[in-house]
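**Student:** For reference, the file protein_18.cif (mmCIF, C-alpha atoms) is included below:
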```
data_protein
loop_
_atom_site.label_atom_id
_atom_site.label_comp_id
_atom_site.auth_asym_id
_atom_site.auth_seq_id
_atom_site.Cartn_x
_atom_site.Cartn_y
_atom_site.Cartn_z
CA MET A 1 0.00 0.00 0.00
CA GLN A 2 1.48 3.34 -1.04
CA GLN A 3 0.44 6.88 -0.19
CA TYR A 4 -0.41 9.35 -2.95
CA ILE A 5 -1.17 13.07 -2.61
CA ALA A 6 -3.68 14.36 -5.15
CA ARG A 7 -2.58 17.19 -7.42
CA ARG A 8 -4.45 19.62 -9.63
CA GLY A 9 -5.82 17.75 -12.64
CA ASP A 10 -5.88 14.38 -10.89
CA THR A 11 -8.95 12.19 -11.17
CA VAL A 12 -9.56 8.69 -9.87
CA SER A 13 -9.31 7.29 -13.40
CA ARG A 14 -6.08 9.13 -14.21
CA ILE A 15 -4.41 8.06 -10.96
CA ALA A 16 -5.53 4.47 -11.53
CA ALA A 17 -4.15 4.40 -15.07
CA ARG A 18 -0.85 5.91 -13.96
CA HIS A 19 -0.35 3.18 -11.35
CA GLY A 20 -1.59 0.19 -13.35
CA LEU A 21 -4.84 -0.02 -11.40
CA THR A 22 -8.52 0.22 -12.17
CA PRO A 23 -10.70 3.00 -10.72
CA GLU A 24 -12.41 0.33 -8.64
CA HIS A 25 -9.07 -0.54 -7.01
CA VAL A 26 -8.55 3.10 -6.02
CA ILE A 27 -12.06 3.51 -4.64
CA GLN A 28 -11.86 0.22 -2.77
CA GLY A 29 -8.94 1.60 -0.76
CA ASN A 30 -10.45 5.08 -0.51
CA PRO A 31 -14.25 4.77 -0.34
CA TRP A 32 -14.69 8.49 0.20
CA ALA A 33 -13.25 9.11 -3.29
CA GLY A 34 -16.32 7.46 -4.79
CA ARG A 35 -18.66 9.68 -2.81
CA GLN A 36 -17.33 13.09 -3.84
CA PRO A 37 -17.57 14.47 -7.38
CA TYR A 38 -13.89 15.42 -7.71
CA LEU A 39 -10.59 14.95 -5.92
CA VAL A 40 -9.22 18.00 -4.13
CA PRO A 41 -5.50 18.79 -4.38
CA GLY A 42 -3.81 17.74 -1.16
CA GLN A 43 -6.12 14.85 -0.40
CA ILE A 44 -4.22 11.68 0.51
CA LEU A 45 -5.07 8.38 -1.15
CA PHE A 46 -3.79 4.92 -0.30
CA LEU A 47 -3.07 2.87 -3.40
CA PRO A 48 -2.70 -0.90 -3.45
CA SER A 49 0.08 -2.54 -5.39
CA ALA A 50 -0.81 -3.13 -9.00
CA PRO A 51 -2.23 -6.64 -9.44
CA ARG A 52 -0.09 -8.95 -11.53
CA LYS A 53 -1.53 -10.90 -14.43
CA ARG A 54 -0.44 -14.54 -14.30
CA TYR A 55 -0.43 -17.36 -16.85
CA ALA A 56 0.02 -21.13 -16.59
CA VAL A 57 2.28 -22.36 -19.37
CA GLN A 58 0.52 -24.68 -21.82
CA PRO A 59 2.07 -27.53 -23.85
CA GLY A 60 3.84 -26.13 -26.90
CA ASP A 61 4.35 -22.66 -25.40
CA ASP A 62 7.63 -20.79 -25.51
CA ALA A 63 8.59 -17.29 -24.38
CA TRP A 64 7.96 -15.77 -27.80
CA SER A 65 4.53 -17.30 -28.31
CA ILE A 66 3.46 -16.20 -24.81
CA ALA A 67 4.77 -12.67 -25.40
CA ALA A 68 2.84 -12.52 -28.68
CA LEU A 69 -0.31 -13.91 -27.02
CA PHE A 70 -0.38 -11.06 -24.49
CA GLY A 71 1.08 -8.36 -26.73
CA VAL A 72 4.16 -7.78 -24.58
CA ASP A 73 7.88 -7.52 -25.25
CA VAL A 74 9.72 -10.79 -24.69
CA ASN A 75 12.50 -8.93 -22.84
CA GLU A 76 9.93 -7.54 -20.37
CA LEU A 77 8.61 -11.07 -19.90
CA GLU A 78 12.15 -12.25 -19.16
CA LYS A 79 12.67 -9.52 -16.54
CA LEU A 80 9.73 -10.78 -14.49
CA ASN A 81 10.45 -14.46 -15.19
CA PRO A 82 14.24 -14.98 -15.34
CA GLY A 83 15.18 -17.89 -17.57
CA VAL A 84 11.83 -18.04 -19.35
CA GLY A 85 13.59 -17.96 -22.72
CA SER A 86 15.77 -20.96 -21.96
CA ALA A 87 15.05 -24.52 -23.08
CA TYR A 88 13.52 -25.40 -19.71
CA GLY A 89 11.94 -22.04 -18.86
CA CYS A 90 8.48 -22.86 -20.22
CA THR A 91 7.58 -26.25 -18.82
CA PRO A 92 3.81 -26.87 -18.92
CA GLY A 93 2.07 -25.78 -15.73
CA LYS A 94 4.72 -23.26 -14.71
CA MET A 95 3.18 -19.97 -13.48
CA LEU A 96 4.49 -16.85 -15.22
CA VAL A 97 3.97 -13.20 -14.31
CA ILE A 98 2.83 -11.24 -17.36
CA PRO A 99 4.03 -7.63 -17.66
CA PRO A 100 1.53 -4.93 -18.65
CA ALA A 101 1.19 -4.55 -22.39
CA ALA A 102 2.56 -1.35 -23.85
CA PRO A 103 -0.05 0.62 -25.79
CA HIS A 104 0.18 -0.07 -29.52
CA LYS A 105 -1.24 3.32 -30.47
CA VAL A 106 -0.43 6.91 -29.64
CA VAL A 107 -4.07 7.75 -28.94
CA HIS A 108 -5.33 5.71 -26.03
CA LEU A 109 -7.14 6.51 -22.80
CA ARG A 110 -5.20 7.12 -19.62
CA GLY A 111 -8.26 8.08 -17.64
CA GLU A 112 -10.31 11.09 -18.71
CA TYR A 113 -9.18 12.66 -21.96
CA GLY A 114 -8.75 16.41 -21.51
CA PRO A 115 -6.81 19.33 -23.01
CA ALA A 116 -3.48 18.07 -21.63
CA GLU A 117 -4.00 14.65 -23.22
CA VAL A 118 -4.91 16.27 -26.55
CA GLU A 119 -1.71 18.31 -26.55
CA ALA A 120 0.49 15.37 -25.52
CA ASP A 121 -0.95 13.08 -28.19
CA ILE A 122 -0.64 15.74 -30.90
CA VAL A 123 3.08 16.10 -30.08
CA ARG A 124 3.53 12.32 -30.38
CA LEU A 125 1.56 12.14 -33.63
CA LEU A 126 3.59 14.94 -35.21
CA ASP A 127 6.81 13.20 -34.19
CA GLN A 128 5.70 9.87 -35.63
CA TYR A 129 4.03 11.22 -38.79
CA PRO A 130 5.88 14.34 -39.95
CA PHE A 131 3.55 14.79 -42.94
CA LEU A 132 0.79 15.84 -40.52
CA GLN A 133 0.38 19.62 -40.28
CA HIS A 134 -0.48 21.42 -37.06
CA GLU A 135 -1.62 24.91 -36.17
CA THR A 136 -3.82 26.64 -33.62
CA ILE A 137 -6.91 28.44 -34.89
CA GLY A 138 -7.47 30.55 -31.79
CA SER A 139 -7.83 30.30 -28.05
CA SER A 140 -10.59 29.47 -25.59
CA VAL A 141 -11.98 31.95 -23.10
CA LEU A 142 -9.27 30.90 -20.61
CA GLY A 143 -6.54 31.01 -23.24
CA LYS A 144 -6.21 27.33 -24.03
CA PRO A 145 -5.11 26.71 -27.64
CA LEU A 146 -7.65 25.38 -30.11
CA HIS A 147 -5.57 22.79 -31.96
CA LEU A 148 -5.96 21.84 -35.61
CA LEU A 149 -4.41 18.85 -37.36
CA ARG A 150 -4.36 18.65 -41.13
CA ILE A 151 -3.80 15.53 -43.22
CA GLY A 152 -3.87 15.22 -47.00
CA SER A 153 -3.01 17.47 -49.92
CA GLY A 154 -6.10 17.14 -52.09
CA PRO A 155 -8.31 19.88 -53.53
CA HIS A 156 -11.42 18.79 -51.61
CA GLN A 157 -11.74 20.00 -48.02
CA LEU A 158 -13.35 18.09 -45.11
CA HIS A 159 -13.85 19.91 -41.80
CA VAL A 160 -14.30 17.80 -38.65
CA ASN A 161 -14.61 18.99 -35.08
CA ALA A 162 -15.20 17.26 -31.74
CA ALA A 163 -16.07 18.11 -28.12
CA LEU A 164 -18.08 21.22 -28.92
CA HIS A 165 -20.14 20.17 -25.90
CA ALA A 166 -18.09 19.80 -22.73
CA ASN A 167 -19.47 16.51 -21.39
CA GLU A 168 -19.09 14.93 -24.84
CA TRP A 169 -15.29 14.91 -24.52
CA LEU A 170 -14.99 11.23 -25.49
CA THR A 171 -15.44 12.38 -29.09
CA SER A 172 -11.97 13.99 -28.95
CA PRO A 173 -9.88 10.81 -28.78
CA CYS A 174 -12.25 9.29 -31.36
CA LEU A 175 -11.29 12.00 -33.85
CA LEU A 176 -7.58 11.82 -33.03
CA SER A 177 -7.72 8.03 -33.31
CA PHE A 178 -9.09 8.43 -36.84
CA VAL A 179 -6.22 10.79 -37.71
CA GLU A 180 -3.68 8.33 -36.30
CA GLN A 181 -5.07 5.30 -38.11
CA TYR A 182 -5.33 7.21 -41.39
CA ALA A 183 -1.75 8.49 -40.98
CA ALA A 184 -0.42 5.03 -40.12
CA ALA A 185 -2.10 3.41 -43.12
CA TYR A 186 -0.85 6.14 -45.45
CA ALA A 187 2.70 5.96 -44.08
CA GLU A 188 2.81 2.17 -44.49
CA GLY A 189 1.10 2.17 -47.88
CA LYS A 190 -1.62 -0.15 -46.60
CA GLY A 191 -5.36 -0.26 -47.14
CA TRP A 192 -7.69 0.72 -44.31
CA ASN A 193 -11.36 -0.21 -43.88
CA GLY A 194 -11.26 -1.65 -47.39
CA HIS A 195 -10.12 1.64 -48.95
CA ASN A 196 -6.92 3.18 -50.27
CA PRO A 197 -5.68 6.07 -48.07
CA ASN A 198 -3.33 7.18 -50.84
CA LYS A 199 -6.36 8.20 -52.89
CA TRP A 200 -7.84 10.09 -49.93
CA TYR A 201 -4.53 11.89 -49.45
CA SER A 202 -4.37 13.09 -53.05
CA ASN A 203 -8.10 13.91 -53.30
CA TRP A 204 -8.85 15.40 -49.88
CA THR A 205 -7.45 17.63 -47.17
CA VAL A 206 -8.91 16.87 -43.74
CA TRP A 207 -9.03 19.71 -41.19
CA ALA A 208 -9.55 18.21 -37.73
CA VAL A 209 -10.22 20.24 -34.56
CA PRO A 210 -10.15 17.57 -31.83
CA MET A 211 -11.33 19.64 -28.86
CA ALA A 212 -13.40 22.74 -29.60
CA ASN A 213 -14.36 23.42 -25.95
CA PRO A 214 -11.26 22.74 -23.81
CA ASP A 215 -12.33 24.95 -20.88
CA GLY A 216 -15.67 23.19 -20.62
CA VAL A 217 -14.10 19.74 -20.91
CA GLU A 218 -11.69 20.51 -18.07
CA LEU A 219 -14.58 21.81 -15.95
CA VAL A 220 -16.56 18.59 -16.48
CA GLN A 221 -13.58 16.38 -15.67
CA GLU A 222 -12.01 18.30 -12.78
CA GLY A 223 -14.59 20.73 -11.41
CA THR A 224 -13.67 24.18 -10.12
CA LEU A 225 -12.05 25.48 -6.94
CA PRO A 226 -12.12 28.82 -5.09
CA GLY A 227 -9.74 31.20 -6.77
CA ASP A 228 -10.39 29.83 -10.25
CA PRO A 229 -11.57 32.27 -12.90
CA TYR A 230 -15.38 32.26 -12.98
CA TYR A 231 -15.58 30.15 -9.78
CA ASP A 232 -18.32 32.23 -8.17
CA GLU A 233 -20.26 32.57 -11.40
CA LEU A 234 -19.97 28.86 -12.23
CA MET A 235 -21.21 27.80 -8.81
CA ALA A 236 -24.18 30.17 -9.15
CA TRP A 237 -24.98 29.06 -12.71
CA ASN A 238 -24.75 25.44 -11.55
CA GLY A 239 -27.18 25.97 -8.69
CA GLY A 240 -24.48 25.47 -6.05
CA ARG A 241 -23.72 21.90 -7.19
CA ARG A 242 -20.08 20.88 -7.10
CA SER A 243 -20.45 18.31 -9.87
CA PHE A 244 -20.27 19.60 -13.44
CA ARG A 245 -20.59 16.20 -15.14
CA HIS A 246 -23.77 17.35 -16.89
CA TRP A 247 -22.21 20.60 -18.20
CA LYS A 248 -22.35 21.15 -21.99
CA ALA A 249 -21.49 24.85 -22.23
CA ASN A 250 -18.16 26.67 -22.30
CA ILE A 251 -16.65 28.27 -19.20
CA ARG A 252 -18.93 31.33 -19.58
CA GLY A 253 -22.04 29.17 -19.56
CA VAL A 254 -22.71 29.57 -23.29
CA ASP A 255 -23.76 26.49 -25.26
CA LEU A 256 -21.43 26.40 -28.27
CA GLY A 257 -23.91 24.18 -30.09
CA ASP A 258 -26.29 27.18 -30.23
CA GLN A 259 -23.74 29.80 -31.25
CA PHE A 260 -23.69 29.81 -35.03
CA PRO A 261 -25.44 32.37 -37.30
CA ALA A 262 -28.10 30.05 -38.73
CA HIS A 263 -31.44 31.44 -37.55
CA TRP A 264 -29.69 32.16 -34.25
CA GLU A 265 -32.37 34.58 -33.07
CA GLU A 266 -35.10 31.97 -33.51
CA GLU A 267 -33.09 29.40 -31.58
CA GLN A 268 -32.57 31.87 -28.76
CA VAL A 269 -36.32 32.42 -28.49
CA ARG A 270 -37.10 28.71 -28.79
CA ARG A 271 -34.63 27.77 -26.05
CA GLY A 272 -35.93 30.48 -23.75
CA VAL A 273 -32.82 30.30 -21.54
CA PRO A 274 -32.23 33.84 -20.24
CA GLY A 275 -28.64 33.57 -19.06
CA PRO A 276 -25.54 31.43 -18.58
CA GLY A 277 -25.92 27.88 -17.39
CA PRO A 278 -24.99 24.25 -18.05
CA ARG A 279 -26.69 24.11 -21.45
CA ASP A 280 -28.93 25.78 -24.06
CA TYR A 281 -27.96 29.43 -23.43
CA SER A 282 -27.21 30.87 -26.88
CA GLY A 283 -25.09 33.80 -25.67
CA THR A 284 -25.44 37.52 -26.26
CA ALA A 285 -24.97 37.17 -30.03
CA ALA A 286 -24.05 34.60 -32.64
CA LEU A 287 -20.31 33.80 -32.50
CA SER A 288 -19.90 35.78 -29.28
CA GLU A 289 -17.66 33.02 -27.91
CA PRO A 290 -14.08 32.65 -29.19
CA GLU A 291 -14.35 28.89 -29.61
CA ALA A 292 -17.34 29.10 -31.98
CA ALA A 293 -15.85 32.10 -33.79
CA ALA A 294 -12.60 30.20 -34.41
CA LEU A 295 -14.45 27.29 -36.07
CA ALA A 296 -16.42 29.67 -38.28
CA GLN A 297 -13.30 31.62 -39.25
CA LEU A 298 -11.53 28.39 -40.22
CA ALA A 299 -14.41 27.35 -42.48
CA GLU A 300 -14.51 30.82 -44.06
CA ARG A 301 -10.75 30.73 -44.63
CA VAL A 302 -10.91 27.25 -46.19
CA PRO A 303 -14.43 26.68 -47.54
CA GLY A 304 -15.20 23.01 -47.20
CA ASP A 305 -16.82 20.45 -49.47
CA ALA A 306 -18.26 18.67 -46.42
CA ALA A 307 -18.27 19.03 -42.64
CA VAL A 308 -18.83 16.75 -39.64
CA SER A 309 -19.39 17.78 -36.04
CA LEU A 310 -18.89 14.86 -33.64
CA HIS A 311 -21.22 14.74 -30.63
CA SER A 312 -22.52 12.06 -28.28
CA GLN A 313 -24.84 10.22 -27.74
CA GLY A 314 -27.67 8.59 -29.74
CA GLY A 315 -26.22 6.61 -32.64
CA GLU A 316 -27.75 9.04 -35.14
CA ILE A 317 -26.63 11.16 -38.08
CA TYR A 318 -28.36 14.49 -38.76
CA TRP A 319 -27.88 15.65 -42.33
CA ASN A 320 -30.46 18.29 -43.28
CA TYR A 321 -31.16 21.92 -42.44
CA ARG A 322 -34.30 23.82 -43.52
CA GLY A 323 -33.92 22.69 -47.13
CA TYR A 324 -30.55 24.43 -47.54
CA GLU A 325 -28.74 21.09 -47.90
CA PRO A 326 -27.67 20.04 -51.42
CA PRO A 327 -29.50 17.12 -53.12
CA GLU A 328 -26.68 14.66 -52.52
CA SER A 329 -26.84 14.99 -48.71
CA ARG A 330 -29.64 12.47 -48.23
CA ALA A 331 -27.90 9.71 -50.20
CA LEU A 332 -24.56 10.42 -48.54
CA ALA A 333 -26.20 10.27 -45.09
CA ALA A 334 -27.63 6.88 -45.99
CA GLN A 335 -24.14 5.68 -46.93
CA LEU A 336 -22.73 6.91 -43.61
CA ALA A 337 -25.53 5.17 -41.74
CA ALA A 338 -24.94 1.92 -43.62
CA ALA A 339 -21.21 2.08 -42.85
CA SER A 340 -21.65 2.72 -39.12
CA GLY A 341 -24.93 1.06 -38.22
CA TYR A 342 -26.32 4.43 -37.11
CA ARG A 343 -29.66 5.97 -38.19
CA ALA A 344 -29.79 8.81 -40.69
CA VAL A 345 -32.32 11.26 -39.24
CA GLU A 346 -34.06 14.18 -40.93
CA LEU A 347 -34.13 16.73 -38.12
CA THR A 348 -36.47 19.69 -37.65
CA GLY A 349 -36.96 22.31 -34.97
CA SER A 350 -33.27 22.99 -34.33
CA ASP A 351 -31.09 25.92 -35.38
CA ALA A 352 -27.76 27.66 -34.74
CA GLY A 353 -25.62 24.50 -34.70
CA TYR A 354 -22.30 24.19 -36.52
CA LYS A 355 -23.78 21.77 -39.05
CA ASP A 356 -26.76 24.08 -39.60
CA TRP A 357 -24.54 27.08 -40.26
CA PHE A 358 -22.17 25.15 -42.53
CA ILE A 359 -25.03 23.89 -44.70
CA GLN A 360 -26.71 27.29 -44.91
CA ARG A 361 -23.49 29.23 -45.50
CA PHE A 362 -21.84 26.97 -48.09
CA ARG A 363 -24.74 24.83 -49.42
CA LYS A 364 -22.53 21.77 -48.95
CA PRO A 365 -23.19 18.51 -47.07
CA GLY A 366 -22.89 18.86 -43.32
CA PHE A 367 -23.48 16.27 -40.62
CA THR A 368 -23.92 16.12 -36.89
CA VAL A 369 -22.92 12.63 -35.73
CA GLU A 370 -24.14 11.48 -32.31
CA LEU A 371 -21.60 8.82 -31.36
CA GLY A 372 -22.44 6.05 -28.91
CA ILE A 373 -25.48 5.28 -26.78
CA GLY A 374 -26.09 6.13 -23.11
CA LYS A 375 -25.73 9.11 -20.83
CA ASN A 376 -23.00 11.76 -21.15
CA PRO A 377 -20.21 11.61 -20.26
CA LEU A 378 -20.16 8.17 -21.84
CA PRO A 379 -18.00 5.55 -20.06
CA LEU A 380 -14.38 5.12 -21.07
CA ALA A 381 -15.15 1.50 -21.97
CA ASP A 382 -17.16 2.78 -24.98
CA PHE A 383 -14.13 4.43 -26.57
CA GLU A 384 -12.99 1.56 -28.80
CA ASP A 385 -16.43 1.09 -30.35
CA MET A 386 -16.94 4.83 -30.81
CA ALA A 387 -13.51 5.26 -32.39
CA LEU A 388 -14.26 2.45 -34.83
CA GLU A 389 -17.60 4.03 -35.75
CA THR A 390 -15.94 7.42 -36.22
CA GLY A 391 -13.46 5.86 -38.63
CA LEU A 392 -16.18 4.10 -40.59
CA ILE A 393 -18.19 7.31 -40.97
CA LEU A 394 -15.29 9.54 -42.00
CA THR A 395 -13.80 6.99 -44.39
CA ALA A 396 -17.23 6.65 -46.00
CA ILE A 397 -17.21 10.39 -46.73
CA LEU A 398 -13.68 10.30 -48.12
CA SER A 399 -14.48 7.28 -50.29
CA ASN A 400 -18.04 7.95 -51.47
CA PHE A 401 -18.32 11.70 -51.77
CA LYS A 402 -18.62 12.85 -55.38
#
```
Would you mind writing the file out in structure tokens?

**Tutor:**
Amino acid sequence: MQQYIARRGDTVSRIAARHGLTPEHVIQGNPWAGRQPYLVPGQILFLPSAPRKRYAVQPGDDAWSIAALFGVDVNELEKLNPGVGSAYGCTPGKMLVIPPAAPHKVVHLRGEYGPAEVEADIVRLLDQYPFLQHETIGSSVLGKPLHLLRIGSGPHQLHVNAALHANEWLTSPCLLSFVEQYAAAYAEGKGWNGHNPNKWYSNWTVWAVPMANPDGVELVQEGTLPGDPYYDELMAWNGGRRSFRHWKANIRGVDLGDQFPAHWEEEQVRRGVPGPGPRDYSGTAALSEPEAAALAQLAERVPGDAAVSLHSQGGEIYWNYRGYEPPESRALAAQLAAASGYRAVELTGSDAGYKDWFIQRFRKPGFTVELGIGKNPLPLADFEDMALETGLILTAILSNFK
């Protein structure tokens, strides 16, 4: 049992991942941590030793086959089981300690995925795939950079953004996972999802903003403390509740999904939310918030042929907007639905979203994709499925769009 002092940015899931534990292990030794919404810097936790995975050697096994079975390095297996690589090191029935498998991908979850994780993974991706291009398109209210990754050199432009809503942050690693898998397939000259990434690269340029609302994401994941900017306002807007898990808005209580100049005034009246809060407040004007303005400015600078805004949850794809959408949108939405298993939905009674504005402004196909099923924030265990579905949807656009 070891002692750990919580620091700013720590969560139960992040601490668990860092120490080779599950969140349940941490809570088991610190029951109070499961009863409060967030850890407070300075709180002391007692962490058990990481449990060791064990394996009974089977007939025909050797060190290399066992290492391959568990996805670990044979040298790491040898460190925990001296002599395992020798002629007599793998006798049937012998109990071996299996080291933890190293992640095979840059983008993987180490607990909640926030602004720091986005930045760290972007650095790793740029190092591994130097043909990726990176820039920042602006800053959040609190000055966090709004990162953009670009892949491809083609004449057609695809805009994709994620985590416009704070408690939908699991969409961020889904988008970065797509970028990584696309980059890896292109670098290795391999097919992916039955398609040829080389053709995508020469036909398309993908502009990916993985976390459009970093302040809000951090608020959902870590809460707020006295002395933080907007602490008093946030506590008032949140009705005195310390938990912000339900929060969709940015740090000023403005819902970025209602910020775009597509019948914004009508949406403001329909919502009827008079001031800042967790969701549905449209702000003082369209594009009043720097995060929404940055996305709009990017699309104006590089007019797109298609756009996707990744949200959660529902397993649905919204493709229309007041008849402004081009004729091909319906058929393309059906193709995306067929690829992912989601439902293509013709939506009415909603305005001022990114997809709505993109369709109205450029008369090009735009889509809001509601990844996953459940209650936001969706559980970390859903990430692999959601990342796969994101890849299927985006590759369908790159492969089928005319």

**Student:** Give me the result of the PyMOL selection byres ((chain A and resi 161) around 6) on this file, residue by residue, as a PyMOL selection string.

**Tutor:** chain A and resi 160+162+208-210+309

**Student:** Using all atoms listed in the file, pick whichever of A:Lys94, A:His246, A:His159, A:His165 has the shortest atom-to-atom distance to Trp204 (chain A).

**Tutor:** A:His159

**Student:** Every residue with an atom at most 12 Å from (-5.3, 10.3, -13.4) (file coordinates; all atoms listed in the file) is what I'm after, so could you write them as a compact mmCIF listing (two decimals) with C-alpha atoms, keeping the file's coordinate frame?

**Tutor:**
```txt
# COMPACT_ATOMS: atom_id res chain seq x y z
CA TYR A 4 -0.41 9.35 -2.95
CA ILE A 5 -1.17 13.07 -2.61
CA ALA A 6 -3.68 14.36 -5.15
CA ARG A 7 -2.58 17.19 -7.42
CA ARG A 8 -4.45 19.62 -9.63
CA GLY A 9 -5.82 17.75 -12.64
CA ASP A 10 -5.88 14.38 -10.89
CA THR A 11 -8.95 12.19 -11.17
CA VAL A 12 -9.56 8.69 -9.87
CA SER A 13 -9.31 7.29 -13.40
CA ARG A 14 -6.08 9.13 -14.21
CA ILE A 15 -4.41 8.06 -10.96
CA ALA A 16 -5.53 4.47 -11.53
CA ALA A 17 -4.15 4.40 -15.07
CA ARG A 18 -0.85 5.91 -13.96
CA HIS A 19 -0.35 3.18 -11.35
CA GLY A 20 -1.59 0.19 -13.35
CA LEU A 21 -4.84 -0.02 -11.40
CA THR A 22 -8.52 0.22 -12.17
CA PRO A 23 -10.70 3.00 -10.72
CA VAL A 26 -8.55 3.10 -6.02
CA TYR A 38 -13.89 15.42 -7.71
CA LEU A 39 -10.59 14.95 -5.92
CA LEU A 109 -7.14 6.51 -22.80
CA ARG A 110 -5.20 7.12 -19.62
CA GLY A 111 -8.26 8.08 -17.64
CA GLU A 112 -10.31 11.09 -18.71
CA TYR A 113 -9.18 12.66 -21.96
CA GLY A 114 -8.75 16.41 -21.51
CA ALA A 116 -3.48 18.07 -21.63
CA GLU A 117 -4.00 14.65 -23.22
CA GLN A 221 -13.58 16.38 -15.67
CA GLU A 222 -12.01 18.30 -12.78
```

**Student:** Can you list what the PyMOL selection byres ((chain A and resi 386) around 9) grabs from this structure, as a list in words?

**Tutor:**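 This file, filtered by the PyMOL selection byres ((chain A and resi 386) around 9), leaves Leu170, Thr171, Cys174, Leu371, Gly372, Asp382, Phe383, Glu384, Asp385, Ala387, Leu388, Glu389, Thr390 and Gly391 of chain A.
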
**Student:** Name every residue that the PyMOL selection byres ((chain A and resi 179-184) around 8) selects in this structure, writing the answer as a ChimeraX atom specification with chains first and numbers rising.

**Tutor:** /A:106-107,125,129,132,151,175-178,185-188,192,197

**Student:** Quick one: of A:Asn196, A:Ala339, A:Val308, A:Ala344, who's nearest to Phe367 (chain A), counting only C-alpha atoms?

**Tutor:** A:Val308

**Student:** Neighbours of Pro37 (chain A) within 9 Å (all atoms listed in the file; same-chain residues fewer than 5 positions away dropped), as a ChimeraX atom specification?

**Tutor:** /A:222-223,242-245

**Student:** Taking all atoms listed in the file into account, name the residue in A:His156, A:Thr224, A:Pro303, A:Arg35 that is nearest to Gly240 (chain A).

**Tutor:**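 Of A:His156, A:Thr224, A:Pro303, A:Arg35, the one nearest Gly240 (chain A) is A:Thr224, counting all atoms listed in the file.
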
**Student:** Specify the axis-aligned box that encloses all atoms of region 220-236 of chain A listed in the file after padding of 8 Å on each side, stating its centre and edge lengths in Å to one decimal as JSON.

**Tutor:**
```
{"center_x": -17.0, "center_y": 24.5, "center_z": -10.8, "size_x": 30.4, "size_y": 32.2, "size_z": 27.4}
```

**Student:** One decimal, in Å: what's the spacing between CA of Gly89 (chain A) and CA of Val57 (chain A)?

**Tutor:** 9.7 Å

**Student:** Rank nothing, just name the residue among A:Leu332, A:Leu287, A:Ile317, A:Ala381 nearest to Tyr354 (chain A), using all atoms listed in the file.

**Tutor:**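 Distance minimum relative to Tyr354 (chain A) lands on A:Leu287.
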
**Student:** If I take CA of Val97 (chain A) and CA of Lys53 (chain A), how far is one from the other in Å, to one decimal?

**Tutor:** 6.0 Å

**Student:** Looking at A:Ala396, A:Ala352, A:Ala56, A:Val217, which one is nearest to Ala331 (chain A), with distances taken over all atoms listed in the file?

**Tutor:**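 Of the candidates, the smallest distance to Ala331 (chain A) is held by A:Ala396.
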
**Student:** Pick out the residues sitting within 6 Å of Ser202 (chain A), and hand them over as number ranges by chain; count all atoms listed in the file, and ignore anything fewer than 2 positions along from it in its own chain.

**Tutor:** A: 153-154, 199-200, 204

**Student:** At what distance in Å, to one decimal, does CA of Leu219 (chain A) lie from CA of Asn167 (chain A)?

**Tutor:**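 Those two atoms sit 9.0 Å apart.
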
**Student:** Determine, counting only C-alpha atoms, which protein, DNA and RNA residues have an atom within 6 Å of an atom of Glu168 (chain A); residues of the same chain fewer than 5 positions away are not included. Present the result as a list of chain:residue names.

**Tutor:** A:Ala163, A:Ser312, A:Pro377

**Student:** Is it possible to produce a file of region 238-247 of chain A from this structure, with N, CA and C atoms, as an mmCIF file, in the first residue's frame?

**Tutor:**
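Printed below is result-v4.cif as written:
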```cif
data_model
loop_
_atom_site.group_PDB
_atom_site.id
_atom_site.type_symbol
_atom_site.label_atom_id
_atom_site.label_comp_id
_atom_site.auth_asym_id
_atom_site.auth_seq_id
_atom_site.Cartn_x
_atom_site.Cartn_y
_atom_site.Cartn_z
ATOM 1 N N ASN A 238 -24.544 26.871 -11.740
ATOM 2 C CA ASN A 238 -24.752 25.441 -11.549
ATOM 3 C C ASN A 238 -25.630 25.142 -10.334
ATOM 4 N N GLY A 239 -26.266 26.158 -9.814
ATOM 5 C CA GLY A 239 -27.176 25.966 -8.694
ATOM 6 C C GLY A 239 -26.498 25.516 -7.421
ATOM 7 N N GLY A 240 -25.211 25.851 -7.246
ATOM 8 C CA GLY A 240 -24.481 25.468 -6.048
ATOM 9 C C GLY A 240 -23.942 24.048 -6.060
ATOM 10 N N ARG A 241 -24.224 23.280 -7.111
ATOM 11 C CA ARG A 241 -23.724 21.899 -7.187
ATOM 12 C C ARG A 241 -22.235 21.883 -7.497
ATOM 13 N N ARG A 242 -21.512 20.989 -6.849
ATOM 14 C CA ARG A 242 -20.078 20.876 -7.096
ATOM 15 C C ARG A 242 -19.780 20.032 -8.323
ATOM 16 N N SER A 243 -20.680 19.158 -8.703
ATOM 17 C CA SER A 243 -20.453 18.309 -9.865
ATOM 18 C C SER A 243 -20.872 19.031 -11.132
ATOM 19 N N PHE A 244 -19.991 18.989 -12.134
ATOM 20 C CA PHE A 244 -20.268 19.600 -13.440
ATOM 21 C C PHE A 244 -20.323 18.536 -14.536
ATOM 22 N N ARG A 245 -20.586 17.288 -14.154
ATOM 23 C CA ARG A 245 -20.588 16.204 -15.142
ATOM 24 C C ARG A 245 -21.617 16.427 -16.245
ATOM 25 N N HIS A 246 -22.679 17.131 -15.924
ATOM 26 C CA HIS A 246 -23.768 17.354 -16.887
ATOM 27 C C HIS A 246 -23.524 18.570 -17.766
ATOM 28 N N TRP A 247 -22.445 19.294 -17.575
ATOM 29 C CA TRP A 247 -22.211 20.599 -18.204
ATOM 30 C C TRP A 247 -21.889 20.434 -19.691
#
```
